[in-house]
>>> print(open('my_file20.txt').read())   # compact mmCIF, C-alpha atoms
# COMPACT_ATOMS: atom_id res chain seq x y z
CA MET A 55 -98.28 -8.87 -19.53
CA SER A 56 -96.91 -5.43 -18.75
CA SER A 57 -100.17 -3.82 -19.86
CA VAL A 58 -102.13 -5.33 -16.97
CA GLU A 59 -99.62 -4.53 -14.21
CA ARG A 60 -101.00 -2.44 -11.38
CA PRO A 61 -99.36 0.78 -10.23
CA ALA A 62 -97.03 0.25 -7.29
CA SER A 63 -99.08 2.67 -5.21
CA LYS A 64 -101.94 0.13 -5.11
CA PRO A 65 -100.47 -3.09 -3.76
CA ARG A 66 -102.41 -6.28 -4.39
CA PRO A 67 -103.68 -8.18 -1.34
CA VAL A 68 -101.41 -11.08 -0.49
CA TYR A 69 -103.81 -12.99 1.74
CA LEU A 70 -106.42 -15.45 0.54
CA ASN A 71 -108.70 -15.28 3.56
CA LEU A 72 -112.21 -15.93 2.22
CA ALA A 73 -113.78 -13.97 5.08
CA ARG A 74 -111.75 -10.86 4.24
CA ILE A 75 -112.12 -10.90 0.46
CA ARG A 76 -115.19 -9.00 -0.66
CA GLN A 77 -116.93 -11.51 -2.90
CA PRO A 78 -118.29 -10.28 -6.23
CA LEU A 79 -121.95 -11.05 -6.94
CA PRO A 80 -121.29 -13.93 -9.37
CA ALA A 81 -119.16 -15.57 -6.65
CA ILE A 82 -122.04 -15.24 -4.15
CA VAL A 83 -124.46 -16.81 -6.62
CA SER A 84 -121.91 -19.57 -7.22
CA ILE A 85 -121.38 -20.49 -3.55
CA LEU A 86 -125.15 -20.30 -2.90
CA HIS A 87 -125.64 -22.68 -5.84
CA ARG A 88 -123.30 -25.11 -4.11
CA ILE A 89 -124.81 -24.66 -0.63
CA SER A 90 -128.37 -25.00 -1.94
CA GLY A 91 -127.41 -28.13 -3.88
CA ALA A 92 -125.87 -29.74 -0.80
CA ALA A 93 -128.95 -28.84 1.28
CA LEU A 94 -131.26 -30.34 -1.32
CA PHE A 95 -129.25 -33.58 -1.28
CA LEU A 96 -128.86 -33.79 2.51
CA VAL A 97 -132.38 -32.69 3.58
CA GLY A 98 -134.55 -32.22 0.51
CA VAL A 99 -134.32 -35.67 -1.10
CA PRO A 100 -135.05 -37.79 2.02
CA LEU A 101 -137.86 -35.41 3.04
CA LEU A 102 -139.35 -35.52 -0.46
CA LEU A 103 -139.32 -39.33 -0.55
CA ALA A 104 -140.75 -39.63 2.96
CA GLY A 105 -143.42 -37.10 2.03
CA ILE A 106 -144.50 -38.90 -1.14
CA GLN A 107 -144.57 -42.23 0.71
CA ALA A 108 -146.63 -40.90 3.63
CA SER A 109 -149.01 -38.98 1.43
CA LEU A 110 -149.79 -41.91 -0.86
CA GLY A 111 -150.69 -44.29 1.98
CA SER A 112 -154.30 -43.25 2.59
CA SER A 113 -156.38 -40.08 2.87
CA GLN A 114 -155.68 -40.13 6.64
CA SER A 115 -151.90 -40.30 6.14
CA PHE A 116 -152.18 -37.63 3.41
CA GLU A 117 -153.98 -35.32 5.83
CA SER A 118 -151.69 -36.15 8.77
CA PHE A 119 -148.66 -35.45 6.57
CA ARG A 120 -150.24 -32.19 5.48
CA ALA A 121 -150.93 -31.35 9.14
CA ALA A 122 -147.33 -32.18 10.11
CA MET A 123 -146.14 -29.78 7.41
CA THR A 124 -148.16 -26.89 8.87
CA THR A 125 -146.15 -26.52 12.09
CA PRO A 126 -144.01 -23.36 12.15
CA PHE A 127 -140.75 -25.37 12.20
CA ALA A 128 -141.83 -27.49 9.23
CA LYS A 129 -142.84 -24.39 7.31
CA ILE A 130 -139.46 -22.77 7.90
CA VAL A 131 -137.70 -25.94 6.69
CA LEU A 132 -140.01 -26.14 3.65
CA LEU A 133 -139.44 -22.48 2.88
CA GLY A 134 -135.68 -22.96 3.13
CA LEU A 135 -135.86 -25.93 0.78
CA ALA A 136 -138.13 -24.01 -1.59
CA TRP A 137 -135.56 -21.23 -1.73
CA ALA A 138 -132.77 -23.79 -2.23
CA TYR A 139 -134.64 -25.39 -5.13
CA LEU A 140 -135.55 -22.07 -6.74
CA HIS A 141 -132.09 -20.57 -6.35
CA HIS A 142 -130.48 -23.75 -7.68
CA PHE A 143 -132.95 -23.70 -10.60
CA CYS A 144 -132.39 -20.03 -11.50
CA ALA A 145 -128.62 -20.14 -11.04
CA GLY A 146 -128.56 -23.34 -13.13
CA LEU A 147 -130.39 -21.57 -15.96
CA ARG A 148 -127.78 -18.81 -15.74
CA TYR A 149 -124.98 -21.37 -16.07
CA LEU A 150 -126.66 -22.85 -19.14
CA LEU A 151 -126.76 -19.35 -20.66
CA LEU A 152 -123.10 -18.80 -19.71
CA ASP A 153 -122.33 -22.06 -21.54
CA LEU A 154 -123.95 -20.46 -24.58
CA HIS A 155 -121.63 -17.44 -24.11
CA ARG A 156 -124.39 -15.17 -22.87
CA PHE A 157 -123.69 -12.66 -20.05
CA ILE A 158 -119.97 -13.47 -20.03
CA ASP A 159 -118.73 -9.88 -19.91
CA LEU A 160 -118.27 -8.37 -16.46
CA LYS A 161 -121.32 -6.10 -16.44
CA PRO A 162 -123.85 -8.60 -17.87
CA ALA A 163 -122.44 -11.28 -15.55
CA ARG A 164 -123.10 -9.03 -12.55
CA GLN A 165 -126.55 -8.06 -13.77
CA SER A 166 -127.59 -11.68 -14.39
CA SER A 167 -126.34 -12.55 -10.88
CA VAL A 168 -128.64 -9.91 -9.42
CA VAL A 169 -131.52 -11.24 -11.52
CA VAL A 170 -130.89 -14.78 -10.20
CA LEU A 171 -130.75 -13.60 -6.56
CA ILE A 172 -133.89 -11.47 -6.83
CA ALA A 173 -135.92 -13.88 -8.98
CA SER A 174 -135.33 -16.79 -6.61
CA LEU A 175 -136.24 -14.63 -3.59
CA VAL A 176 -139.43 -13.35 -5.27
CA LEU A 177 -140.45 -16.91 -6.24
CA THR A 178 -139.72 -18.03 -2.66
CA LEU A 179 -141.98 -15.22 -1.46
CA VAL A 180 -144.74 -16.58 -3.72
CA VAL A 181 -144.27 -20.01 -2.12
CA ALA A 182 -144.31 -18.38 1.34
CA VAL A 183 -147.63 -16.69 0.57
CA ARG A 184 -149.05 -20.06 -0.55
CA LEU A 185 -147.70 -21.75 2.61
CA TRP A 186 -149.17 -19.24 5.07
CA MET B 215 -96.34 -48.48 -15.48
CA LYS B 216 -97.69 -45.35 -13.89
CA ARG B 217 -100.86 -44.02 -15.46
CA ILE B 218 -101.76 -40.38 -15.17
CA LEU B 219 -105.47 -40.12 -14.47
CA VAL B 220 -106.12 -36.76 -16.02
CA GLY B 221 -107.70 -35.54 -19.21
CA ALA B 222 -110.96 -34.05 -20.35
CA HIS B 223 -112.81 -37.31 -20.85
CA TYR B 224 -114.72 -37.89 -17.64
CA GLY B 225 -114.87 -34.21 -16.85
CA LEU B 226 -116.64 -33.49 -20.13
CA LYS B 227 -119.02 -36.38 -19.57
CA ASP B 228 -119.92 -35.12 -16.06
CA TRP B 229 -120.36 -31.59 -17.39
CA LEU B 230 -122.79 -32.85 -20.03
CA VAL B 231 -124.61 -35.20 -17.63
CA GLN B 232 -125.11 -32.34 -15.17
CA ARG B 233 -126.81 -30.24 -17.84
CA LEU B 234 -128.94 -33.00 -19.36
CA THR B 235 -130.19 -34.22 -15.96
CA ALA B 236 -130.93 -30.59 -15.02
CA ALA B 237 -133.03 -30.21 -18.18
CA VAL B 238 -134.97 -33.41 -17.35
CA MET B 239 -135.68 -32.16 -13.82
CA ALA B 240 -136.70 -28.71 -15.08
CA LEU B 241 -139.21 -30.29 -17.50
CA TYR B 242 -140.66 -32.46 -14.72
CA THR B 243 -140.94 -29.40 -12.47
CA LEU B 244 -142.78 -27.49 -15.18
CA LEU B 245 -145.10 -30.50 -15.62
CA TRP B 246 -146.09 -30.18 -11.93
CA VAL B 247 -146.54 -26.41 -12.24
CA ALA B 248 -148.74 -26.93 -15.31
CA ILE B 249 -150.86 -29.60 -13.57
CA ALA B 250 -151.31 -27.43 -10.47
CA ALA B 251 -152.18 -24.37 -12.56
CA TYR B 252 -154.59 -26.29 -14.81
CA GLN B 253 -156.35 -28.05 -11.91
CA GLY B 254 -156.27 -25.02 -9.61
CA GLY B 255 -154.30 -26.84 -6.91
CA ILE B 256 -153.64 -30.43 -5.92
CA ASP B 257 -155.90 -32.40 -3.54
CA TYR B 258 -155.68 -35.97 -2.33
CA ALA B 259 -157.86 -37.39 -5.16
CA LEU B 260 -155.73 -35.79 -7.89
CA TRP B 261 -152.53 -36.77 -6.05
CA GLN B 262 -153.70 -40.41 -5.93
CA ALA B 263 -154.84 -40.37 -9.55
CA LEU B 264 -151.50 -38.99 -10.74
CA PHE B 265 -149.47 -41.66 -8.96
CA ALA B 266 -151.85 -44.38 -10.16
CA ASN B 267 -151.02 -43.43 -13.75
CA THR B 268 -148.21 -45.54 -15.25
CA ALA B 269 -146.90 -42.78 -17.53
CA PHE B 270 -146.72 -40.42 -14.55
CA ARG B 271 -144.90 -43.06 -12.48
CA VAL B 272 -142.37 -43.59 -15.27
CA ALA B 273 -141.88 -39.81 -15.59
CA THR B 274 -141.36 -39.62 -11.82
CA LEU B 275 -138.84 -42.47 -11.93
CA ILE B 276 -136.92 -40.73 -14.74
CA PHE B 277 -136.97 -37.50 -12.70
CA GLY B 278 -135.66 -39.41 -9.67
CA LEU B 279 -132.84 -41.07 -11.60
CA ALA B 280 -131.87 -37.72 -13.14
CA LEU B 281 -131.92 -36.18 -9.65
CA PHE B 282 -129.75 -38.92 -8.11
CA TRP B 283 -127.21 -38.83 -10.95
CA HIS B 284 -127.12 -34.99 -10.75
CA ALA B 285 -126.65 -35.17 -6.98
CA TRP B 286 -123.79 -37.63 -7.40
CA VAL B 287 -121.87 -35.36 -9.79
CA GLY B 288 -122.49 -32.32 -7.57
CA MET B 289 -121.68 -33.97 -4.25
CA ARG B 290 -118.55 -35.62 -5.68
CA ASP B 291 -117.37 -32.17 -6.81
CA ILE B 292 -117.97 -30.84 -3.28
CA TRP B 293 -116.08 -33.72 -1.62
CA MET B 294 -113.20 -33.37 -4.11
CA ASP B 295 -112.93 -29.63 -3.48
CA TYR B 296 -113.11 -29.60 0.33
CA VAL B 297 -111.91 -33.02 1.55
CA LYS B 298 -108.34 -33.43 0.35
CA PRO B 299 -107.17 -36.52 2.32
CA THR B 300 -108.03 -39.63 0.33
CA ALA B 301 -109.42 -41.87 3.08
CA PRO B 302 -112.21 -39.60 4.44
CA ARG B 303 -113.06 -38.46 0.93
CA LEU B 304 -113.48 -42.06 -0.20
CA VAL B 305 -115.70 -42.75 2.81
CA LEU B 306 -117.88 -39.71 2.05
CA GLU B 307 -118.09 -40.55 -1.67
CA THR B 308 -119.02 -44.14 -0.87
CA ALA B 309 -121.65 -42.98 1.62
CA THR B 310 -123.06 -40.64 -1.05
CA VAL B 311 -123.28 -43.45 -3.62
CA LEU B 312 -124.92 -45.80 -1.11
CA ALA B 313 -127.43 -43.14 -0.05
CA LEU B 314 -128.35 -42.37 -3.65
CA LEU B 315 -128.72 -46.08 -4.53
CA GLY B 316 -130.87 -46.47 -1.44
CA TYR B 317 -133.02 -43.49 -2.50
CA ALA B 318 -133.44 -45.03 -5.95
CA GLY B 319 -134.63 -48.29 -4.41
CA TRP B 320 -136.92 -46.40 -2.04
CA LEU B 321 -138.44 -44.45 -4.95
CA VAL B 322 -139.11 -47.67 -6.93
CA ASP B 323 -140.75 -49.13 -3.82
CA ILE B 324 -142.92 -46.01 -3.40
CA LEU B 325 -143.96 -46.03 -7.06
CA TRP B 326 -144.52 -49.76 -7.64
CA GLY B 327 -144.48 -51.39 -4.20
CA ALA B 328 -147.57 -52.74 -2.46
CA ARG B 329 -149.63 -50.09 -0.71
>>> encode(input="my_file20.txt", output="structure tokens")
Amino acid sequence: MSSVERPASKPRPVYLNLARIRQPLPAIVSILHRISGAALFLVGVPLLLAGIQASLGSSQSFESFRAAMTTPFAKIVLLGLAWAYLHHFCAGLRYLLLDLHRFIDLKPARQSSVVVLIASLVLTLVVAVRLW
Amino acid sequence: MKRILVGAHYGLKDWLVQRLTAAVMALYTLLWVAIAAYQGGIDYALWQALFANTAFRVATLIFGLALFWHAWVGMRDIWMDYVKPTAPRLVLETATVLALLGYAGWLVDILWGAR
């Protein structure tokens, strides 16, 4: 292990304070994958079920549900959930590729993290344009 | 006798389940994208027609079950990582299971219940 020892002039940090450690991009994608998944479970699933139920009732309830989803607050929630779904989707595809030993070196891992972050934001922008 | 509850067995199964359920949900998502692209959007008539179709209902049920199983594996991981004391973790895990079972029943009611 002597080959990986750091020079004494550059001491390693001894704290494990998450707020003070600069997170690498793959770590940011990872924690966002977790946060988006939790949000989809806590908010997305009940809203999705309530939405399908309301919208299938009659053409009036379909339109009233559609109207309820056009308020600014509802649109922000929907946009947040759209991002959560898209980020979770893109990051999940990245994990499937990592399972296949793609992008596992440091540089490709960073690059694919950037692709996931940008692709999910661009797709969310597409949804935002459709919403407004 | 004291049993040690470790080993790769259930971890490997959860790992595989998480990927297979994700694939099912991705296919269902692409089905919706394809329908919306082909029809140029989704109005009430198309929405009604889709959910009146038995094959579409079955596909939606399979999507829902994949989603609920996927959510269970993910949420259990979150509770295990952040809630170390056993009692609150068990409460949260139980609440998660009950919520997901409730959602499954709700989905069946939406798909096949009386309108």
>>> closest_atom_pairs(input="my_file20.txt", of="chain B", to="chain A", cutoff="9 Å", atoms="only C-alpha atoms", output="Markdown table")
| residue | atom | partner | partner_atom | distance |
| --- | --- | --- | --- | --- |
| B:Arg233 | CA | A:Leu150 | CA | 7.5 |
| B:Ala236 | CA | A:Gly146 | CA | 7.9 |
| B:Ala240 | CA | A:Phe143 | CA | 7.7 |
| B:Tyr258 | CA | A:Ser113 | CA | 6.7 |
| B:Ala259 | CA | A:Ser113 | CA | 8.6 |
| B:Trp261 | CA | A:Leu110 | CA | 7.8 |
| B:Gln262 | CA | A:Leu110 | CA | 6.6 |
| B:Phe265 | CA | A:Leu110 | CA | 8.1 |
| B:Leu281 | CA | A:Val99 | CA | 8.9 |
| B:Phe282 | CA | A:Phe95 | CA | 8.7 |
| B:Ala285 | CA | A:Phe95 | CA | 6.5 |
| B:Gly288 | CA | A:Gly91 | CA | 7.4 |
| B:Met289 | CA | A:Ala92 | CA | 6.9 |
| B:Ile292 | CA | A:Arg88 | CA | 7.9 |
| B:Tyr317 | CA | A:Pro100 | CA | 7.6 |
| B:Trp320 | CA | A:Leu103 | CA | 7.6 |
| B:Leu321 | CA | A:Leu103 | CA | 6.8 |
| B:Ile324 | CA | A:Gln107 | CA | 5.8 |
| B:Leu325 | CA | A:Gln107 | CA | 8.7 |
| B:Arg329 | CA | A:Gly111 | CA | 6.5 |
>>> residues_around(input="my_file20.txt", residues="segment 245-250 of chain B", least_positions_apart="4", cutoff="12 Å", atoms="only C-alpha atoms", output="VMD selection string")
chain B and resid 238 to 241 254 to 257 260 to 261 264 270 273 to 274 277
>>> atom_distance(input="my_file20.txt", atom1="atom CA of Ala318 of chain B", atom2="atom CA of Leu279 of chain B")
6.9 Å
>>> atom_distance(input="my_file20.txt", atom1="atom CA of Cys144 of chain A", atom2="atom CA of Ala280 of chain B")
17.8 Å
>>> residues_near_point(input="my_file20.txt", point="(-137.3, -23.5, -7.6)", cutoff="12 Å", atoms="only C-alpha atoms", output="JSON, numbers by chain")
{"A": [87, 90, 91, 94, 132, 133, 134, 135, 136, 137, 138, 139, 140, 141, 142, 143, 144, 145, 146, 147, 170, 171, 173, 174, 175, 176, 177, 178, 179, 180, 181], "B": [239, 240, 242, 243, 244, 246, 247]}
>>> atom_distance(input="my_file20.txt", atom1="atom CA of Gly98 of chain A", atom2="atom CA of Val231 of chain B")
20.9 Å
>>> residues_near_point(input="my_file20.txt", point="(-126.2, -11.1, -21.1)", cutoff="8 Å", atoms="all atoms listed in the file", output="list in words")
Arg156, Phe157, Ile158, Asp159, Pro162, Ala163, Gln165 and Ser166 of chain A
>>> closest_residue(input="my_file20.txt", among="A:Pro126, A:Pro78, A:Pro65, A:Gly105", to="Leu185 of chain A", atoms="only C-alpha atoms")
A:Pro126
>>> closest_residue(input="my_file20.txt", among="B:Leu306, B:Ala313, B:Leu226, B:Ala251", to="Trp283 of chain B", atoms="only C-alpha atoms")
B:Ala313
